[in-house]
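K.L.:
Below is a structure I'd like to ask you about.
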Amino acid sequence: MLTKYELKMPHAVFSGEDALHKILDIFTENQVKHLAVFTDKGIEGAGLLDFPMAKVKETGVEYTILDDLPAEPTYMEAQKLVDQCKAYGADFIMAVGGGSVMDTAKLSSILMTDEYGIKELLDTPGRAKKCIPTLMIPTTAGTGSEATPNAIVAVPEKQLKVGIVNTNMIADYVILDAVMIKKLPRKIAAATGVDALAHAIECYTSNKANPFSDIFAMQALEMILANIETACDDPEAMDAKNKMLLASFYAGVAITASGTTAVHALSYPLGGKYHIAHGVSNAILLAPVMRFNEPAIRGKLAEVYDRCFHGSAATVEEKSAAVIAKLEGIVKHLDIPTSLTEFGVPKEDLEALVASGMEVTRLLVNNMREVTPDDARRIYQEVL
Ligand SMILES: NC(=O)c1ccc[n+]([C@@H]2O[C@H](COP(=O)([O-])OP(=O)(O)OC[C@H]3O[C@@H](n4cnc5c(N)ncnc54)[C@H](O)[C@@H]3O)[C@@H](O)[C@H]2O)c1
Ligand SMILES: [Zn+2]
């Protein structure tokens with residue numbers, strides 16, 4: 001059987017030292033006149049907007065800064081920025097921030113129309129067309145949002161995070177410059193780094209995995225497994241941080257060509273209802289879901305071992321066990337909680353969690369081992 005593959009990518013990616021200087025060329029190439037800069041107060045407070053804005057001012061383009069955005073916004077909070085962007089009449093969007101900022105900017109780039117808003121896209125994500133070009137400058141490593149066609153918003157009435165997928169949201173330009181993550185606080189670096197790790201291992205072990213996505217997922221895994229701890233622990237480890245930024249982009253490409261699985265599916269209610277940071281909820285579920293999946297993904301995990309580990313495991317079982325132990329070890333090393341106890345999730349909420357998690361069929365179908373409500377219950381019980 002001839003299998004079809006699709007890989008959609010940003011038009012241009014600039015990576016490495018001084019990549020930020022490319023802003024000037026990008027604006028010239030696009031004859032930008034009215035720029036909307038998406039960011040948030042945390043980014044501005046960390047001084048991360050200073051250099052990009054100095055470059056913007058050099059070009060003399062008119063601009064507006066849209067920064068009234070909380071982390072992991074609801075669709076209504078994101079819609080406010082979309083409306084501001086529309087009212088300003090922007091002809092180009094530059095996003096400087098983590099996944100929350102980039103996702104909102106991506107939604108805006110397809111919503112410069114009065115016909116519908118984010119709420120409508122929750123049900124019919126495919127209806128929106130590309131309106132204006134985008135440049136993504138991630139400040140976490142990360143969600144990989146700069147590579148994906150996805151935007152994730154919280155939907156309070158469903159108590160869930162919901163992913164809107166539309167290939168028109170794929171960024172036009174991406175700048176991966178590790179100076180943007182140099183001072184990322186360890187706690188955020190750890191959670192966002194494990195998010196990238198989850199993207200890579202889930203995409204590699206997904207029903208949707210294919211030769212395109214495997215290349216990016218495996219390369220991301222190799223770089224993340226070798227660098228995540230150093231990048232988080234050592235503020236001066238620029239080489240490790242650079243590799244994390246590149247790897248999180250690769251993992252985003254893997255999402256675009258493949259798809260995440262039950263770790264992300266079961267983590268959405270934890271973000272939606274208890275506002276646990278996306279990377280943290282994934283980190284909590286990573287090892288339990290991988291252990292559950294192990295019988296179905298043993299061979300794939302052994303491939304990860306063969307490429308990324310230099311140990312003495314001989315059998316497929318030993319290799320897959322070593323990979324799962326390493327994932328668990330990374331989460332512990334980075335001091336990310338491994339259970340929900342400290343987030344005040346009451347045990348009585350178990351059934352509601354199971355029901356919400358089972359709603360995320362978009363990702364559950366990607367899981368190589370079928371997840372029944374009983375399975376979801378056991379996995380949540382393990383971390384409650
Ligand atoms: N679109 C996708 O493909 C995709 C994939 C995974 C996750 N997501 C979504 O992305 C969001 C999470 O994004 P995130 O994990 O990047 O975090 P975030 O964007 O929510 O940022 C978290 C906090 O870190 C601060 N911050 C970010 N970078 C910083 C830096 N360099 N220095 C200091 N502070 C900094 C921000 O101000 C914010 O307060 C969630 O909504 C998640 O669902 C999207
Ligand atoms: Zn994620």
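Order determines the names: the first chain of the structure tokens is A, the second B, and so forth; residues in each chain are numbered 1 upward, and ligands are numbered 1 upward as they are shown.
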Env of Tyr380 of chain A: 9 Å cut, atoms = only C-alpha atoms, seq-sep filter 2 positions within chain, self excluded. Answer as a list in words.
P.N.:
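Selected residues are Leu266, Leu285, Pro288, Leu350, Leu353, Val354, Asp375, Ala376, Arg377, Arg378, Glu382, Val383 and Leu384 of chain A.
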K.L.:
If you keep N, CA, C and O atoms, can you produce a file of those selected residues as a CSV table (one decimal), in the first residue's frame?
P.N.:
```csv
chain,number,residue,atom,x,y,z
A,266,LEU,N,-4.8,13.3,28.2
A,266,LEU,CA,-5.3,13.2,29.6
A,266,LEU,C,-4.8,14.4,30.3
A,266,LEU,O,-5.4,14.7,31.4
A,285,LEU,N,2.0,13.1,33.8
A,285,LEU,CA,1.4,12.0,33.2
A,285,LEU,C,2.4,11.2,32.3
A,285,LEU,O,2.1,10.1,31.9
A,288,PRO,N,3.6,7.5,33.7
A,288,PRO,CA,2.4,6.6,33.8
A,288,PRO,C,1.8,6.2,32.5
A,288,PRO,O,1.5,5.0,32.2
A,350,LEU,N,-12.3,12.4,40.3
A,350,LEU,CA,-11.8,11.3,39.4
A,350,LEU,C,-12.7,11.1,38.2
A,350,LEU,O,-12.3,11.1,37.1
A,353,LEU,N,-12.8,13.8,35.8
A,353,LEU,CA,-11.5,13.8,35.0
A,353,LEU,C,-11.5,12.8,33.9
A,353,LEU,O,-11.2,13.1,32.7
A,354,VAL,N,-12.0,11.6,34.2
A,354,VAL,CA,-12.1,10.5,33.2
A,354,VAL,C,-13.0,10.9,32.1
A,354,VAL,O,-12.6,10.8,30.9
A,375,ASP,N,-9.0,2.4,31.7
A,375,ASP,CA,-7.6,2.7,31.6
A,375,ASP,C,-7.3,4.1,32.1
A,375,ASP,O,-6.4,4.4,32.9
A,376,ALA,N,-8.1,5.1,31.6
A,376,ALA,CA,-7.9,6.5,32.0
A,376,ALA,C,-8.0,6.6,33.5
A,376,ALA,O,-7.3,7.3,34.1
A,377,ARG,N,-9.0,5.9,34.1
A,377,ARG,CA,-9.3,6.0,35.5
A,377,ARG,C,-8.0,5.5,36.2
A,377,ARG,O,-7.6,6.1,37.2
A,378,ARG,N,-7.5,4.4,35.8
A,378,ARG,CA,-6.3,3.8,36.5
A,378,ARG,C,-5.1,4.8,36.4
A,378,ARG,O,-4.3,5.0,37.3
A,382,GLU,N,-3.3,6.8,39.6
A,382,GLU,CA,-1.9,6.6,39.9
A,382,GLU,C,-1.3,8.0,40.2
A,382,GLU,O,-0.3,8.0,41.0
A,383,VAL,N,-1.8,9.1,39.7
A,383,VAL,CA,-1.2,10.4,40.0
A,383,VAL,C,-2.0,11.3,40.9
A,383,VAL,O,-1.6,12.4,41.3
A,384,LEU,N,-3.1,10.7,41.4
A,384,LEU,CA,-4.0,11.5,42.3
A,384,LEU,C,-3.4,11.6,43.7
A,384,LEU,O,-2.9,10.6,44.2
```
K.L.:
Neighbouring residues of Ile201 of chain A were defined as those with any atom within 10 Å, considering only C-alpha atoms; residues of the same chain fewer than 2 positions away were excluded. Please report them as a list of chain:residue names.
P.N.:
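Using only C-alpha atoms, the neighbours found are A:Ala196, A:Leu197, A:Ala198, A:His199, A:Cys203, A:Tyr204, A:Thr205, A:Ser206, A:Asp214, A:Ala217, A:Met218, A:Ala220, A:Leu221, A:Ala251, A:Ala254, A:Thr260, A:Thr261, A:Leu286, A:Met290, A:Lys300, A:Leu301, A:Val304, A:Leu327.
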K.L.:
Write the residues of the selection above to a file with C-alpha atoms, as a CSV table (one decimal), in the first residue's frame.
P.N.:
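Result file selection.csv:
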```csv
chain,number,residue,atom,x,y,z
A,196,ALA,CA,9.0,19.3,24.2
A,197,LEU,CA,10.2,15.9,25.4
A,198,ALA,CA,6.6,14.7,25.5
A,199,HIS,CA,5.9,16.0,22.0
A,203,CYS,CA,4.9,11.7,18.1
A,204,TYR,CA,7.5,8.9,17.7
A,205,THR,CA,5.1,6.4,19.3
A,206,SER,CA,2.0,7.7,17.7
A,214,ASP,CA,10.2,10.1,12.8
A,217,ALA,CA,10.9,13.3,16.6
A,218,MET,CA,14.0,11.2,16.9
A,220,ALA,CA,14.5,16.1,18.9
A,221,LEU,CA,14.6,13.2,21.4
A,251,ALA,CA,9.3,18.3,18.0
A,254,ALA,CA,6.9,16.2,14.4
A,260,THR,CA,0.7,13.7,20.3
A,261,THR,CA,-1.1,10.9,22.2
A,286,LEU,CA,4.5,11.2,31.1
A,290,MET,CA,4.4,5.5,28.8
A,300,LYS,CA,9.7,2.1,19.2
A,301,LEU,CA,11.1,2.7,22.6
A,304,VAL,CA,15.0,5.4,20.9
A,327,LEU,CA,11.9,10.0,31.3
```
K.L.:
Name the closest residue to ligand 2 among the candidates A:Leu107, A:Met180, A:Ile170, A:Ala151; distances are taken between atoms, counting only C-alpha atoms and all ligand atoms.
P.N.:
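For ligand 2, the nearest of the given residues is A:Ala151.
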K.L.:
Please find the residues contacting ligand 1 at a distance of at most 8 Å between atoms, with only C-alpha atoms and all ligand atoms counted, and report them as JSON, numbers by chain.
P.N.:
{"A": [40, 41, 42, 43, 44, 45, 46, 48, 70, 71, 72, 73, 97, 98, 99, 100, 101, 102, 103, 138, 139, 140, 141, 142, 143, 144, 145, 146, 147, 148, 149, 150, 151, 152, 153, 154, 161, 163, 180, 181, 182, 183, 184, 185, 188, 191, 192, 195, 196, 199, 252, 255, 268, 271, 277, 278, 279]}
K.L.:
So, counting only C-alpha atoms and all ligand atoms, which residue among A:Glu202, A:Asn227, A:Gly357, A:Lys243 is closest to ligand 2?
P.N.:
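That would be A:Glu202, the residue with the smallest distance to ligand 2.
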K.L.:
Can you check which residues of segment 169-316 of chain A DSSP gives as strand (DSSP E) on the backbone and send them as a PyMOL selection string?
P.N.:
chain A and resi 173-176
K.L.:
How many Å separate atom CA of Thr361 of chain A from atom CA of Arg127 of chain A?
P.N.:
20.5 Å
K.L.:
Show me, as an NGL selection string, the residues that have an atom within 12 Å of Phe92 of chain A when counting only C-alpha atoms, minus same-chain residues fewer than 2 positions from it.
P.N.:
:A and (26-38 or 61-64 or 85-86 or 88-90 or 94-95 or 105-106 or 108-110 or 112 or 130-136 or 171-173)
K.L.:
With only C-alpha atoms and all ligand atoms as the basis for distance, which of A:Gly193, A:Gly126, A:Pro52, A:Pro156 is at the shortest distance from ligand 2?
P.N.:
A:Gly193
K.L.:
Which residues come within 12 Å of segment 238-242 of chain A, counting only C-alpha atoms, excluding same-chain residues fewer than 4 positions away, as a PyMOL selection string?
P.N.:
chain A and resi 15-19+138-142+175-184+186+189-190+193+223-234+246-249
